[in-house]
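Below is one structure; the comments refer to it alone.
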Amino acid sequence: MAIIHLTKDGFDKAVSNGISMVDFWASWCGPCKMLSPVMEDLAGKYEGRALVGKVNVDDEPDLARRFGVMSIPTVVFLKDGKEFDRKVGVMPPAAYTTVLDANL
Amino acid sequence: MYDAAVIGGGPAGLSAAVQLRARGKSVLVVSGDSRDNPLYKTQRIDNYLGFYNVTGGELLERFRAHARQMGVEEKEGRVLNIMPMNGTFYLSIGSELEQVRAVVLATGVARAAKYPGEGEHLGAGVSYCATCDGMLYRGKEVAVVGLAADAPREANWLKEIGCKVTYVSPNPPDGLRPDIPAIKAGKVEVLGGQTVEGLRAGSTTLPCEGVFILRPSVAPAELLPGLELEGNYIRVDRNMAASIPGVFAAGDCTGLPLQVSKAVGEGQVAGHRAAEYLEQLK
């Protein structure tokens, strides 16, 4: 499963069930570009078990504000639509898989 | 993709880059503003063999010209992160991304400790990258703590995109827009609970939601999580290899003495060993 690009309208429905991992990013952010292949890789590895999504903070300022994103990349983890963890800044892939594996 | 990236454009970095070129490797040297290079500011050097009574600026210019003649490519910018992935390294440089197979760290002497409140609020209002996070603070009060020579330029950019900027620095800023208030302070403290609420700069307290701390370079341990240190310096072996395979270090970032000859010598070893590392990858 490829990464899902989330927008304000579809967001709540998309993350309403199970575990989701959402990457808040923008095109003008080098570290975000670095994280992008990691997220794509994880989207494949966790296919069918977790939703891996991306939110462009430029296009979706309301979502960025709602989640209080103050630095990008920020990766937010949700269970049935509720945030339970987040990672700010670029981290090695294991930082994300640890959170996913502990909650799946 | 380049074979190697050298982080730092001082004598160690340029020496490593020249050595990598001599072994036929493609090299990108990423460095900040040359005014931040301590060698650039040195008035007189008498202990670099063959160059009695030379200014640091002149020596640095000769090193750079040499590197250019050898086909070393240069990029000005601040490296924010290095991430090893599947046998290569991704580097984020401001808003850009580069991929390389080996890295030589030549970042100079380790910077001073973090400010009070800085670490706790990293990502919660404290940022090291104006181009990354500036847009999230449009219409809001932000403080720029300017320690790098190019910090006024970044503060100007934040102002242009609509942030309400106050500039804080120990020295008078060069090139700051006149409509940005500047405060002279060496000691600052980031204030706030969960998120940033202000900055104490000397005797002034500025209410703000964002604090951009712009140092000449990001500390090596923050660039590359897991990199082993010895005190404030990067731990290296005789081959100038650091604790992560494919990562080498040279110059002031590896320890005393902080001298040009030592930096050039270590750079030579690091470049040589990095080239060997690259060859055994194939």
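Chain labels run A, B, ... following the order of the structure tokens; each chain numbers its residues from 1, and ligands are numbered from 1 in the order shown.
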Next item on the list: Please report as a ChimeraX atom specification which residues of chain B come no farther than 12 Å from chain A, using only C-alpha atoms.
Entry: /B:77-86,89-99,121-138,140,194-196,209-212,222-226
Using only C-alpha atoms, what table do you get, as CSV, when you list each residue of stretch 137-255 of chain B with an atom no more than 12 Å from stretch 103-117 of chain B, its nearest pair of atoms, and their distance in Å rounded to one decimal, rows by chain then rising number?
```
residue,atom,partner,partner_atom,distance
B:Val145,CA,B:Tyr115,CA,10.6
B:Leu147,CA,B:Arg111,CA,10.7
B:Ala148,CA,B:Arg111,CA,11.6
B:Gly186,CA,B:Tyr115,CA,10.4
B:Lys187,CA,B:Tyr115,CA,7.9
B:Val188,CA,B:Tyr115,CA,6.5
B:Glu189,CA,B:Pro116,CA,5.1
B:Val190,CA,B:Gly117,CA,4.6
B:Leu191,CA,B:Gly117,CA,6.3
B:Gly192,CA,B:Gly117,CA,8.0
B:Gly193,CA,B:Gly117,CA,9.5
B:Gln194,CA,B:Gly117,CA,10.9
B:Thr195,CA,B:Gly117,CA,10.3
B:Val196,CA,B:Gly117,CA,8.9
B:Glu197,CA,B:Gly117,CA,10.9
B:Gly198,CA,B:Gly117,CA,10.3
B:Leu199,CA,B:Gly117,CA,9.3
B:Arg200,CA,B:Pro116,CA,10.0
B:Ala201,CA,B:Tyr115,CA,11.0
B:Val211,CA,B:Gly117,CA,10.7
B:Ile213,CA,B:Tyr115,CA,9.6
B:Leu214,CA,B:Lys114,CA,11.9
B:Arg215,CA,B:Arg111,CA,8.5
B:Pro216,CA,B:Arg111,CA,8.9
B:Ser217,CA,B:Thr107,CA,7.1
B:Val218,CA,B:Arg111,CA,8.3
B:Ala219,CA,B:Ala110,CA,6.4
B:Pro220,CA,B:Thr107,CA,7.5
B:Ala221,CA,B:Ala110,CA,9.8
B:Glu222,CA,B:Ala110,CA,11.3
B:Leu223,CA,B:Leu105,CA,10.0
B:Leu224,CA,B:Leu105,CA,10.2
B:Leu227,CA,B:Leu105,CA,11.1
B:Leu229,CA,B:Ala110,CA,10.7
B:Glu230,CA,B:Ala110,CA,11.4
B:Gly231,CA,B:Ala110,CA,9.9
B:Asn232,CA,B:Ala110,CA,6.1
B:Tyr233,CA,B:Ala110,CA,6.7
B:Ile234,CA,B:Leu105,CA,9.0
B:Arg235,CA,B:Leu105,CA,11.5
B:Val236,CA,B:Leu105,CA,10.9
B:Asn239,CA,B:Val104,CA,11.8
B:Met240,CA,B:Val104,CA,9.1
B:Ala241,CA,B:Val104,CA,8.9
B:Ala242,CA,B:Leu105,CA,9.1
B:Ile244,CA,B:Val103,CA,10.0
B:Pro245,CA,B:Val103,CA,9.5
B:Gly246,CA,B:Val103,CA,6.3
B:Val247,CA,B:Val103,CA,4.8
B:Phe248,CA,B:Val104,CA,4.6
B:Ala249,CA,B:Leu105,CA,4.5
B:Ala250,CA,B:Ala106,CA,5.2
B:Gly251,CA,B:Ala106,CA,5.9
B:Asp252,CA,B:Gly108,CA,4.7
B:Cys253,CA,B:Gly108,CA,4.8
B:Thr254,CA,B:Val109,CA,8.1
B:Gly255,CA,B:Val109,CA,7.8
```
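Of note, atom CA of B:Gly175 and atom CA of B:Glu76 are spaced 17.8 Å apart.
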Next item on the list: Compile the contact shell of A:Arg86 as number ranges by chain: residues with an atom at most 6 Å away, counting only C-alpha atoms, same-chain residues fewer than 2 positions apart removed.
Entry: A: 75-77
Note to self: Residues of stretch 62-281 of chain B classed as strand (DSSP E or B) by DSSP on the backbone are to be reported as a PyMOL selection string.
What the structure shows: chain B and resi 73-76+79-85+88-93+96-105+122+126-127+141-146+164-169+182-184+188-192+196-201+204-207+210-214+229-230+233-234+241+247-249
